[in-house]
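J.: Data file data.txt (compact mmCIF, C-alpha atoms) is appended below.
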# COMPACT_ATOMS: atom_id res chain seq x y z
CA MET I 1 0.00 0.00 0.00
CA PRO I 2 2.48 2.64 -1.11
CA VAL I 3 0.10 5.64 -1.52
CA ASP I 4 -0.22 8.14 1.31
CA VAL I 5 -2.65 11.05 1.12
CA VAL I 6 -2.57 14.60 2.47
CA VAL I 7 -5.91 16.37 2.90
CA GLY I 8 -7.11 19.54 4.60
CA ASN I 9 -9.21 18.97 7.73
CA GLN I 10 -10.70 22.45 7.77
CA ARG I 11 -11.62 25.23 5.35
CA GLY I 12 -8.42 25.39 3.28
CA ASP I 13 -5.32 27.44 4.14
CA GLU I 14 -4.19 24.74 6.60
CA GLY I 15 -0.59 24.73 5.40
CA LYS I 16 -0.78 21.62 3.22
CA GLY I 17 1.99 22.90 0.96
CA SER I 18 4.55 23.15 3.74
CA ILE I 19 3.68 19.71 5.11
CA VAL I 20 3.74 18.05 1.68
CA ASP I 21 7.07 19.72 0.92
CA TYR I 22 8.46 18.36 4.20
CA MET I 23 7.11 14.85 3.61
CA MET I 24 8.21 14.56 -0.03
CA SER I 25 11.76 13.61 0.91
CA GLU I 26 10.38 10.12 1.64
CA TYR I 27 8.50 9.67 -1.68
CA GLN I 28 9.36 9.20 -5.33
CA ILE I 29 6.11 10.56 -6.81
CA GLY I 30 3.86 13.46 -5.87
CA ALA I 31 0.41 13.66 -7.45
CA ARG I 32 -2.36 16.25 -7.47
CA TYR I 33 -5.74 14.54 -7.75
CA GLY I 34 -8.20 17.44 -7.86
CA GLY I 35 -8.73 21.15 -8.13
CA GLY I 36 -6.85 23.66 -10.23
CA ASN I 37 -4.99 26.91 -9.90
CA ASN I 38 -7.50 28.05 -7.28
CA ALA I 39 -5.18 26.22 -4.87
CA GLY I 40 -2.36 28.13 -3.23
CA HIS I 41 0.46 26.11 -1.65
CA THR I 42 3.44 27.86 -0.07
CA SER I 43 6.83 26.31 0.66
CA VAL I 44 9.75 27.99 2.40
CA THR I 45 13.17 26.33 2.23
CA GLU I 46 15.66 26.19 5.07
CA ASN I 47 17.42 29.28 3.71
CA GLY I 48 14.18 31.26 3.43
CA GLN I 49 13.49 30.90 -0.30
CA ILE I 50 9.73 31.22 -0.85
CA GLN I 51 7.80 29.27 -3.47
CA ARG I 52 4.08 29.79 -4.02
CA LEU I 53 2.46 27.19 -6.25
CA HIS I 54 -1.03 27.07 -7.71
CA GLY I 55 -1.34 24.56 -10.54
CA LEU I 56 1.75 22.44 -9.96
CA PRO I 57 2.13 19.70 -7.33
CA THR I 58 4.37 20.72 -4.43
CA SER I 59 6.59 17.74 -5.26
CA ILE I 60 8.01 19.68 -8.21
CA LEU I 61 10.24 21.50 -5.71
CA ARG I 62 12.01 18.27 -4.75
CA GLU I 63 14.83 17.18 -7.06
CA GLY I 64 14.59 13.60 -8.26
CA THR I 65 10.82 13.23 -7.85
CA ILE I 66 8.10 12.72 -10.44
CA SER I 67 5.10 15.05 -10.34
CA ILE I 68 1.69 14.15 -11.76
CA ILE I 69 -1.37 16.31 -12.44
CA GLY I 70 -4.18 13.76 -12.52
CA ASN I 71 -7.44 13.23 -14.38
CA GLY I 72 -9.42 14.93 -11.62
CA CYS I 73 -7.60 18.26 -11.99
CA VAL I 74 -8.44 21.26 -14.16
CA ILE I 75 -5.72 23.32 -15.84
CA TYR I 76 -5.48 26.92 -17.03
CA PRO I 77 -2.58 26.77 -19.52
CA PRO I 78 -1.47 30.43 -19.35
CA GLN I 79 -1.13 30.23 -15.58
CA LEU I 80 0.58 26.84 -15.61
CA PHE I 81 2.99 27.89 -18.36
CA GLY I 82 3.88 31.00 -16.36
CA GLU I 83 4.39 28.98 -13.18
CA ILE I 84 6.69 26.53 -14.94
CA GLY I 85 8.66 29.41 -16.42
CA ALA I 86 9.03 31.11 -13.04
CA LEU I 87 10.43 27.95 -11.44
CA THR I 88 12.77 27.30 -14.35
CA SER I 89 14.16 30.84 -14.11
CA GLN I 90 15.03 30.09 -10.48
CA GLY I 91 16.99 26.99 -11.39
CA ILE I 92 14.28 24.46 -10.52
CA ASP I 93 14.17 21.76 -13.17
CA VAL I 94 10.75 21.23 -14.76
CA ASN I 95 10.81 18.96 -17.80
CA PRO I 96 8.69 16.28 -19.51
CA GLY I 97 10.62 13.66 -17.55
CA ASN I 98 9.60 14.89 -14.11
CA LEU I 99 6.18 16.48 -14.77
CA TYR I 100 3.28 14.61 -16.35
CA ILE I 101 -0.13 16.11 -17.06
CA SER I 102 -3.01 13.71 -17.61
CA PRO I 103 -4.52 13.99 -21.11
CA ALA I 104 -7.87 13.48 -19.37
CA ALA I 105 -7.50 16.56 -17.15
CA HIS I 106 -9.89 19.30 -18.22
CA LEU I 107 -8.95 22.77 -19.39
CA THR I 108 -10.21 25.99 -17.87
CA LEU I 109 -11.19 28.31 -20.73
CA PRO I 110 -11.07 32.14 -20.62
CA SER I 111 -14.86 32.28 -20.90
CA TYR I 112 -15.19 30.37 -17.62
CA ILE I 113 -13.11 33.01 -15.86
CA ASN I 114 -15.23 35.83 -17.31
CA GLU I 115 -18.40 34.14 -16.11
CA GLU I 116 -17.07 33.59 -12.61
CA ILE I 117 -15.94 37.21 -12.31
CA ILE I 118 -19.42 38.38 -13.27
CA LEU I 119 -21.16 35.95 -10.91
CA GLU I 120 -18.95 36.99 -8.02
CA SER I 121 -19.77 40.65 -8.60
CA GLY I 122 -23.49 40.06 -7.97
CA SER I 123 -25.64 39.33 -4.94
CA GLY I 124 -25.11 35.58 -5.28
CA ALA I 125 -21.36 35.76 -4.73
CA GLN I 126 -19.91 32.74 -2.93
CA GLY I 127 -16.39 34.06 -2.40
CA SER I 128 -14.74 32.05 -5.16
CA THR I 129 -11.21 32.64 -6.40
CA LYS I 130 -12.47 33.79 -9.83
CA CYS I 131 -10.18 31.29 -11.54
CA GLY I 132 -12.91 29.70 -13.68
CA ILE I 133 -12.86 26.44 -11.74
CA GLN I 134 -16.64 26.32 -11.41
CA GLY I 135 -17.12 26.64 -15.17
CA ALA I 136 -14.50 24.01 -15.96
CA TYR I 137 -16.08 21.39 -13.70
CA ALA I 138 -19.59 22.35 -14.80
CA ALA I 139 -18.65 21.85 -18.45
CA LYS I 140 -17.02 18.53 -17.55
CA THR I 141 -20.20 17.34 -15.84
CA LEU I 142 -22.36 18.51 -18.76
CA ARG I 143 -20.00 16.63 -21.11
CA LYS I 144 -19.14 19.89 -22.85
CA GLY I 145 -15.64 20.15 -21.41
CA VAL I 146 -12.32 20.30 -23.19
CA ARG I 147 -9.63 17.83 -22.15
CA ALA I 148 -5.90 18.41 -22.21
CA GLU I 149 -5.52 15.77 -24.92
CA MET I 150 -6.85 18.32 -27.44
CA ILE I 151 -3.71 20.45 -27.02
CA ASN I 152 -1.62 17.98 -29.03
CA ASN I 153 -4.34 16.19 -30.99
CA ASP I 154 -6.25 19.16 -32.42
CA PRO I 155 -4.98 22.63 -31.47
CA ASP I 156 -7.02 24.24 -34.28
CA GLN I 157 -10.20 22.84 -32.74
CA LEU I 158 -9.08 24.14 -29.36
CA LEU I 159 -8.65 27.61 -30.88
CA TRP I 160 -12.09 27.45 -32.47
CA ILE I 161 -13.77 26.33 -29.23
CA THR I 162 -11.97 28.94 -27.12
CA PHE I 163 -12.95 31.81 -29.39
CA ASN I 164 -16.53 30.66 -29.95
CA ARG I 165 -17.18 30.22 -26.22
CA LEU I 166 -16.08 33.85 -25.76
CA ARG I 167 -18.31 34.99 -28.62
CA GLU I 168 -21.33 33.04 -27.38
CA GLN I 169 -20.77 34.34 -23.88
CA ARG I 170 -20.95 37.93 -25.03
CA ARG I 171 -24.33 37.26 -26.63
CA TRP I 172 -25.99 36.24 -23.39
CA LEU I 173 -24.01 38.32 -20.95
CA GLY I 174 -23.87 41.48 -23.04
CA ARG I 175 -21.20 44.07 -22.55
CA MET I 176 -20.33 42.72 -19.11
CA ALA I 177 -18.57 39.81 -20.75
CA GLY I 178 -15.77 41.95 -21.92
CA PHE I 179 -14.19 42.79 -25.20
CA SER I 180 -14.52 43.20 -28.92
CA VAL I 181 -14.33 40.37 -31.45
CA LYS I 182 -10.77 41.39 -32.25
CA GLU I 183 -9.78 41.21 -28.58
CA ASP I 184 -11.55 37.87 -28.14
CA LYS I 185 -9.61 36.45 -31.08
CA GLU I 186 -6.36 37.64 -29.55
CA THR I 187 -7.32 36.15 -26.17
CA ALA I 188 -8.05 32.81 -27.85
CA ARG I 189 -4.77 32.83 -29.81
CA SER I 190 -2.74 33.69 -26.72
CA TYR I 191 -4.51 30.97 -24.75
CA VAL I 192 -3.79 28.28 -27.35
CA GLU I 193 -0.14 29.33 -27.65
CA ALA I 194 0.24 28.82 -23.88
CA ALA I 195 -1.52 25.47 -24.19
CA LYS I 196 0.87 24.36 -26.94
CA ALA I 197 3.78 25.36 -24.72
CA ILE I 198 2.71 22.85 -22.06
CA GLY I 199 1.81 20.20 -24.63
CA ALA I 200 5.13 18.42 -24.09
CA PHE I 201 3.95 17.51 -20.57
CA VAL I 202 0.68 15.98 -21.90
CA THR I 203 2.09 12.91 -23.60
CA GLU I 204 1.66 10.05 -21.15
CA ASP I 205 -1.35 8.12 -19.89
CA THR I 206 -0.80 9.09 -16.25
CA VAL I 207 -3.16 6.38 -14.99
CA GLU I 208 -1.07 3.68 -16.65
CA LEU I 209 2.17 5.39 -15.64
CA LEU I 210 1.15 5.62 -12.00
CA ASN I 211 -0.22 2.08 -11.81
CA ASN I 212 2.91 0.66 -13.41
CA LYS I 213 5.02 2.45 -10.80
CA LEU I 214 2.79 1.13 -8.02
CA ARG I 215 2.96 -2.43 -9.34
CA ASP I 216 6.72 -2.59 -9.82
CA ASP I 217 8.63 -5.29 -7.94
CA VAL I 218 9.85 -2.41 -5.79
CA PRO I 219 6.79 -0.12 -5.82
CA ALA I 220 7.24 3.62 -5.92
CA ARG I 221 6.07 5.54 -2.86
CA VAL I 222 3.42 8.07 -3.84
CA LEU I 223 2.15 11.10 -1.95
CA ALA I 224 -1.27 12.27 -3.16
CA GLU I 225 -1.72 15.98 -2.52
CA GLY I 226 -5.17 17.45 -1.95
CA ALA I 227 -6.28 20.99 -2.72
CA GLN I 228 -8.62 23.09 -0.58
CA GLY I 229 -10.08 21.80 2.69
CA PHE I 230 -12.77 19.41 3.89
CA LEU I 231 -15.54 22.00 4.30
CA LEU I 232 -15.08 22.93 0.63
CA ASP I 233 -15.76 19.40 -0.62
CA LEU I 234 -18.60 19.34 -3.15
CA ASP I 235 -20.31 16.34 -1.52
CA HIS I 236 -19.40 16.71 2.16
CA GLY I 237 -18.73 20.41 2.62
CA MET I 238 -20.86 23.43 3.51
CA TYR I 239 -22.76 23.38 0.23
CA PRO I 240 -23.19 25.69 -1.71
CA TYR I 241 -20.12 27.45 -0.27
CA THR I 242 -17.82 24.79 -1.65
CA THR I 243 -15.41 24.21 -4.48
CA SER I 244 -16.43 22.09 -7.47
CA SER I 245 -14.40 18.94 -6.81
CA SER I 246 -13.74 16.33 -4.16
CA THR I 247 -11.28 17.47 -1.50
CA THR I 248 -11.48 14.28 0.58
CA VAL I 249 -9.62 10.99 0.29
CA GLY I 250 -12.51 9.78 -1.88
CA GLY I 251 -11.24 11.95 -4.72
CA VAL I 252 -7.87 10.18 -4.86
CA CYS I 253 -8.98 7.00 -6.60
CA SER I 254 -11.06 8.72 -9.29
CA GLY I 255 -8.75 11.70 -9.62
CA LEU I 256 -5.62 9.60 -10.18
CA GLY I 257 -7.10 6.33 -11.45
CA ILE I 258 -5.79 4.03 -8.72
CA ALA I 259 -7.49 1.30 -6.74
CA PRO I 260 -8.40 1.88 -3.05
CA GLU I 261 -6.16 -1.01 -2.02
CA PHE I 262 -3.10 1.14 -2.68
CA ILE I 263 -4.00 3.77 -0.08
CA ARG I 264 -2.15 3.26 3.18
CA LYS I 265 -2.42 6.38 5.33
CA VAL I 266 -4.26 9.71 5.34
CA THR I 267 -2.68 12.73 6.99
CA GLY I 268 -5.19 15.45 7.76
CA ILE I 269 -3.76 18.95 8.13
CA SER I 270 -5.26 21.15 10.85
CA LYS I 271 -4.30 24.72 11.60
CA ALA I 272 -4.17 26.04 15.14
CA VAL I 273 -5.60 29.39 14.00
CA GLN I 274 -8.50 28.32 11.80
CA SER I 275 -8.99 30.51 8.75
CA HIS I 276 -11.06 30.90 5.62
CA VAL I 277 -11.13 33.00 2.46
CA GLY I 278 -14.58 33.40 0.96
CA GLY I 279 -18.20 33.10 2.02
CA GLY I 280 -20.09 30.58 4.08
CA PRO I 281 -20.89 29.92 7.74
CA PHE I 282 -17.99 30.01 10.22
CA VAL I 283 -19.14 28.73 13.61
CA THR I 284 -16.07 29.80 15.60
CA GLU I 285 -15.30 33.00 13.69
CA ILE I 286 -13.68 35.82 15.67
CA HIS I 287 -15.17 39.29 15.20
CA ASN I 288 -13.29 41.14 17.94
CA GLU I 289 -11.10 43.59 16.00
CA LYS I 290 -8.50 43.90 18.75
CA LYS I 291 -8.06 40.11 18.95
CA LEU I 292 -7.96 39.85 15.16
CA ALA I 293 -5.26 42.51 14.94
CA ALA I 294 -3.12 40.51 17.39
CA LEU I 295 -3.65 37.30 15.41
CA TYR I 296 -2.83 38.90 12.06
CA GLY I 297 0.43 40.40 13.31
CA ASP I 298 2.80 41.31 10.49
CA MET I 299 0.75 40.94 7.32
CA THR I 300 3.89 41.21 5.17
CA SER I 301 5.35 37.98 6.56
CA VAL I 302 5.46 34.82 4.45
CA ASP I 303 2.87 33.08 6.64
CA ALA I 304 0.56 36.10 6.87
CA GLU I 305 -3.17 35.43 6.99
CA ARG I 306 -3.74 36.42 3.39
CA GLY I 307 -4.99 34.08 0.68
CA VAL I 308 -2.14 32.83 -1.53
CA THR I 309 -4.35 32.81 -4.64
CA THR I 310 -6.70 35.72 -3.99
CA GLY I 311 -4.60 38.00 -1.80
CA ARG I 312 -7.68 38.58 0.35
CA THR I 313 -7.41 38.86 4.13
CA ARG I 314 -8.58 35.64 5.73
CA ARG I 315 -11.41 35.29 8.20
CA LEU I 316 -10.06 33.80 11.44
CA GLY I 317 -11.60 31.66 14.15
CA PHE I 318 -10.94 29.43 17.12
CA LEU I 319 -9.98 25.80 16.55
CA ASP I 320 -13.12 23.80 15.74
CA LEU I 321 -12.87 20.14 16.81
CA PRO I 322 -16.40 19.05 15.71
CA GLN I 323 -15.49 20.07 12.18
CA ILE I 324 -12.16 18.19 12.33
CA ARG I 325 -13.99 15.10 13.63
CA ARG I 326 -16.35 15.29 10.66
CA ALA I 327 -13.38 15.35 8.30
CA GLN I 328 -11.86 12.36 10.09
CA LEU I 329 -15.16 10.50 9.85
CA VAL I 330 -15.10 10.76 6.06
CA ASN I 331 -11.37 10.38 5.46
CA GLY I 332 -10.71 7.03 7.13
CA THR I 333 -10.48 4.93 10.24
CA LYS I 334 -8.37 5.78 13.26
CA ASP I 335 -5.78 3.14 12.35
CA HIS I 336 -5.19 4.72 8.93
CA GLN I 337 -5.13 8.40 9.91
CA ASP I 338 -2.87 10.85 11.61
CA MET I 339 -2.80 14.62 11.85
CA ALA I 340 -0.37 17.43 11.23
CA LEU I 341 -0.93 20.59 13.27
CA THR I 342 0.38 23.82 11.77
CA LYS I 343 0.99 27.30 13.19
CA LEU I 344 1.38 26.18 16.79
CA ASP I 345 3.75 29.14 17.12
CA TRP I 346 0.81 31.53 16.58
CA VAL I 347 -1.28 30.30 19.52
CA PRO I 348 0.24 32.80 22.03
CA ARG I 349 -1.23 35.59 19.91
CA PHE I 350 -4.61 34.72 21.43
CA GLY I 351 -3.34 36.06 24.77
CA LYS I 352 -2.97 34.21 28.06
CA TYR I 353 -5.83 31.85 27.22
CA VAL I 354 -7.28 30.34 24.06
CA ASN I 355 -10.72 28.94 23.29
CA ILE I 356 -11.11 25.55 21.62
CA CYS I 357 -14.53 24.47 20.40
CA PHE I 358 -15.20 20.89 21.53
CA ALA I 359 -18.90 20.59 20.57
CA TYR I 360 -21.88 22.43 19.05
CA VAL I 361 -25.37 23.03 20.31
CA LEU I 362 -27.91 22.75 17.49
CA LYS I 363 -31.68 22.68 17.96
CA GLY I 364 -31.21 21.93 21.64
CA GLN I 365 -28.89 18.98 21.02
CA VAL I 366 -25.17 18.76 21.80
CA MET I 367 -23.25 17.56 18.73
CA SER I 368 -19.68 16.25 18.79
CA ASN I 369 -19.47 16.13 14.97
CA ALA I 370 -20.26 19.10 12.75
CA PRO I 371 -23.27 18.79 10.42
CA ASP I 372 -22.72 18.91 6.66
CA SER I 373 -25.43 21.51 6.05
CA ALA I 374 -24.56 25.18 5.64
CA ALA I 375 -27.97 26.06 7.08
CA ASP I 376 -27.29 23.99 10.22
CA LEU I 377 -23.83 25.45 10.57
CA GLU I 378 -25.34 28.94 10.47
CA ASN I 379 -27.45 28.04 13.51
CA ALA I 380 -24.86 26.06 15.46
CA VAL I 381 -23.59 27.50 18.74
CA PRO I 382 -20.02 26.56 19.75
CA LEU I 383 -19.15 25.16 23.18
CA TYR I 384 -15.65 26.08 24.32
CA ASP I 385 -12.97 24.80 26.61
CA ILE I 386 -10.39 27.38 27.66
CA LEU I 387 -6.72 26.41 27.71
CA PRO I 388 -3.72 28.40 28.97
CA THR I 389 -1.19 29.46 26.33
CA TRP I 390 2.53 30.19 26.69
CA GLN I 391 4.83 33.09 25.90
CA GLU I 392 8.07 31.31 24.95
CA ASP I 393 9.29 31.46 21.33
CA ILE I 394 8.96 27.89 19.99
CA THR I 395 10.08 28.50 16.39
CA GLY I 396 13.50 26.97 17.06
CA ILE I 397 12.25 23.86 18.86
CA ARG I 398 12.49 20.51 17.05
CA HIS I 399 11.55 18.02 19.80
CA PHE I 400 8.13 17.72 21.41
CA GLU I 401 9.49 17.33 24.93
CA ASP I 402 11.30 20.68 24.56
CA LEU I 403 8.04 22.57 24.03
CA PRO I 404 6.61 24.58 26.93
CA VAL I 405 4.34 22.45 29.11
CA ASN I 406 1.23 24.35 28.06
CA ALA I 407 2.11 23.85 24.39
CA GLN I 408 2.44 20.11 25.00
CA HIS I 409 -0.90 20.08 26.82
CA TYR I 410 -2.51 21.98 23.92
CA VAL I 411 -1.40 19.29 21.46
CA GLU I 412 -2.37 16.45 23.80
CA TYR I 413 -5.80 18.00 24.38
CA ILE I 414 -6.50 17.93 20.64
CA GLU I 415 -5.31 14.33 20.41
CA ASP I 416 -7.52 13.32 23.34
CA LYS I 417 -10.62 15.02 21.92
CA THR I 418 -10.19 13.72 18.36
CA GLY I 419 -8.63 10.33 19.05
CA ILE I 420 -6.03 10.98 16.33
CA HIS I 421 -2.26 11.08 16.81
CA ILE I 422 -0.58 14.36 15.84
CA SER I 423 2.55 13.21 14.03
CA MET I 424 3.86 16.58 12.82
CA ILE I 425 3.74 20.04 14.37
CA GLY I 426 4.52 23.21 12.45
CA VAL I 427 6.31 25.86 14.51
CA GLY I 428 7.17 28.22 11.66
CA PRO I 429 6.88 28.61 7.88
CA ARG I 430 10.20 27.06 6.85
CA ARG I 431 10.67 23.49 5.66
CA ASP I 432 12.81 22.68 8.69
CA GLN I 433 10.44 24.23 11.29
CA ILE I 434 8.52 21.02 11.91
CA ILE I 435 8.51 18.78 14.96
CA LEU I 436 8.28 15.13 13.93
CA ARG I 437 6.76 12.82 16.52
Produce structure tokens that represent the structure in this file.
T.:
Amino acid sequence: MPVDVVVGNQRGDEGKGSIVDYMMSEYQIGARYGGGNNAGHTSVTENGQIQRLHGLPTSILREGTISIIGNGCVIYPPQLFGEIGALTSQGIDVNPGNLYISPAAHLTLPSYINEEIILESGSGAQGSTKCGIQGAYAAKTLRKGVRAEMINNDPDQLLWITFNRLREQRRWLGRMAGFSVKEDKETARSYVEAAKAIGAFVTEDTVELLNNKLRDDVPARVLAEGAQGFLLDLDHGMYPYTTSSSTTVGGVCSGLGIAPEFIRKVTGISKAVQSHVGGGPFVTEIHNEKKLAALYGDMTSVDAERGVTTGRTRRLGFLDLPQIRRAQLVNGTKDHQDMALTKLDWVPRFGKYVNICFAYVLKGQVMSNAPDSAADLENAVPLYDILPTWQEDITGIRHFEDLPVNAQHYVEYIEDKTGIHISMIGVGPRRDQIILR
């Protein structure tokens, strides 16, 4: 069972990128199984070099690994081409031998982005990233999507489709949709040129490639990297304030084309200072401006509470254990799960004490697991335990027993209430600022 999975336990922004980057030293293959460039994963090397990825798997930063963008992903070629170019200019090798894009992955077209921008400007805005992800997955479901295989097989057809979707869009959206016919033609041409530029990476059947690697006499170790968090899952999240794909372990098999028998362990990432970018109910959200200012701290820092993709300031809240338990319920059994806790170093910003939500009250009933209904979440009342914090700087600590006693108790409290072992603890943004237990 050589496939391990990393998922977000919360609302996104949990620090999956830093944990995946840390873990990748033990794997030969890293694979993205869902989502698109609406994801934002940040990695900081030991010497402070910052990498922010959106469309590429985090594994691309590790020399000697293979990176796969699976069937379940959606791709915006101009963004991906730019991201590859940026890494190459920094001396990071990205070539058709270490990056494979599934021909069955779907393409995000410019018209999808236009539509999402317009939708988000109205009263029905859901706080999306405006990356066109919704349109790409909607077209896929309606069987009107465009797959990456068209880049190499029929680029002229791709050009025709891209332009005509823009032209049709203007007919029903009017002037809001954007530009003149001349500009739409130029947009389509530019889009297809970027697509052709990444065509060299769309040459292998990634399902066959991955399964062959898994079935070798000495199987490759694979780390499947999720995008977004549990509450954004289309089937299990706070619908309709979700993304358009599966963010749980269930998306791994369909998104990569592997059998469930290969999955060994699921690591759920939880963040000590829960955050969210976008709309939707937030049971433990903090509205006290003074407390928020203390939590935000230096907003120019690499781990500032600002969305990597959108640049928007994040909503912040207290740690929500019922919601984490719900994620654990869906993502596997106790024997096959562990947890990584990030931003433990930020907990003292709450002050001398910190609230942790251990249950909800909903319709007169105490609930230990969060409901999956946005309407119920809107009406849920959090129940809190209050734990003492600490004032010591823990960013240089690498062993659990060296943490302040209250920091150890904080971690052990979460383990006790969730029943899941916390195997990794983030005490700073850098790759080496992780306590391994």
J.: Using all atoms listed in the file, which of the listed residues (I:Leu292, I:Leu56, I:Val222, I:Val381) sits closest to Ile29 in chain I?
T.: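 Among I:Leu292, I:Leu56, I:Val222, I:Val381, it is I:Val222 that comes nearest to Ile29 in chain I.
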J.: Choose the residue, out of I:Ile356, I:Met424, I:Val7, I:Ala139, that has the smallest atom-to-atom separation from Ser246 in chain I; count all atoms listed in the file.
T.: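 Closest to Ser246 in chain I of all the choices is I:Val7.
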J.: Could you give me, as a list of chain:residue names, the residues within 8 Å of Ile263 in chain I, counting only C-alpha atoms and dropping anything in the same chain fewer than 3 positions from it?
T.: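 Counting only the stated atoms, we get I:Met1, I:Pro2, I:Val3, I:Asp4, I:Val5, I:Ala259, I:Pro260.
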J.: In Å, rounded to a single decimal, give me how far CA of His399 in chain I is from CA of Val427 in chain I.
T.: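 That distance, rounded to one decimal, is 10.8 Å.
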J.: So which one's closest to Pro78 in chain I, I:Ala294, I:Val366, I:Ala195, I:Ala136? Using all atoms listed in the file, please.
T.: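 The closest residue to Pro78 in chain I is I:Ala195.
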J.: Taking into account all atoms listed in the file, which residue in the set I:Ala375, I:Leu362, I:Val347, I:Ala105 is nearest to Tyr410 in chain I?
T.: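 Looking at the shortest contact to Tyr410 in chain I, the residue is I:Val347.
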J.: Ranking I:Gln228, I:Asn153, I:Asn331, I:Gln408 by minimum distance to Ser275 in chain I and counting only C-alpha atoms, which one comes first?
T.: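 Closest to Ser275 in chain I of all the choices is I:Gln228.
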J.: Looking at all atoms listed in the file, which of I:Gly15, I:Gly332, I:Asp298, I:Asn369 is the one that sits closest to Arg349 in chain I?
T.: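 Looking only at the distances to Arg349 in chain I, the closest residue turns out to be I:Asp298.
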J.: May I ask for the distance between CA of Leu403 in chain I and CA of Ile435 in chain I, given in Å to one decimal place?
T.: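 According to the coordinates, CA of Leu403 in chain I and CA of Ile435 in chain I are separated by 9.8 Å.
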J.: Compile the contact shell of range 184-191 of chain I as a ChimeraX atom specification: residues with an atom at most 12 Å away, counting all atoms listed in the file, same-chain residues fewer than 3 positions apart removed.
T.: /I:75-82,107-111,114,151,155-170,177-181,194-198
J.: As a compact mmCIF listing (two decimals), keeping the file's coordinate frame, could you write out range 275-287 of chain I once it has been completed with N, CA and C atoms?
T.:
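What ended up in part.txt:
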# COMPACT_ATOMS: atom_id res chain seq x y z
N SER I 275 -8.78 29.37 9.63
CA SER I 275 -8.99 30.51 8.75
C SER I 275 -9.80 30.11 7.54
N HIS I 276 -10.26 31.14 6.82
CA HIS I 276 -11.06 30.90 5.62
C HIS I 276 -11.04 32.15 4.75
N VAL I 277 -10.95 31.93 3.42
CA VAL I 277 -11.13 33.00 2.46
C VAL I 277 -12.39 32.70 1.67
N GLY I 278 -13.34 33.61 1.69
CA GLY I 278 -14.58 33.40 0.96
C GLY I 278 -15.79 33.38 1.87
N GLY I 279 -16.94 33.07 1.29
CA GLY I 279 -18.20 33.10 2.02
C GLY I 279 -18.50 31.80 2.72
N GLY I 280 -19.64 31.78 3.40
CA GLY I 280 -20.09 30.58 4.08
C GLY I 280 -20.07 30.72 5.58
N PRO I 281 -20.81 29.86 6.28
CA PRO I 281 -20.89 29.92 7.74
C PRO I 281 -19.56 29.57 8.39
N PHE I 282 -19.27 30.22 9.51
CA PHE I 282 -17.99 30.01 10.22
C PHE I 282 -18.34 30.03 11.71
N VAL I 283 -18.57 28.85 12.27
CA VAL I 283 -19.14 28.73 13.61
C VAL I 283 -18.27 29.41 14.67
N THR I 284 -16.96 29.28 14.55
CA THR I 284 -16.07 29.80 15.60
C THR I 284 -15.38 31.11 15.18
N GLU I 285 -15.95 31.80 14.21
CA GLU I 285 -15.30 33.00 13.69
C GLU I 285 -15.13 34.07 14.77
N ILE I 286 -14.00 34.74 14.73
CA ILE I 286 -13.68 35.82 15.67
C ILE I 286 -14.03 37.16 15.02
N HIS I 287 -14.78 37.97 15.73
CA HIS I 287 -15.17 39.29 15.20
C HIS I 287 -14.56 40.43 16.00
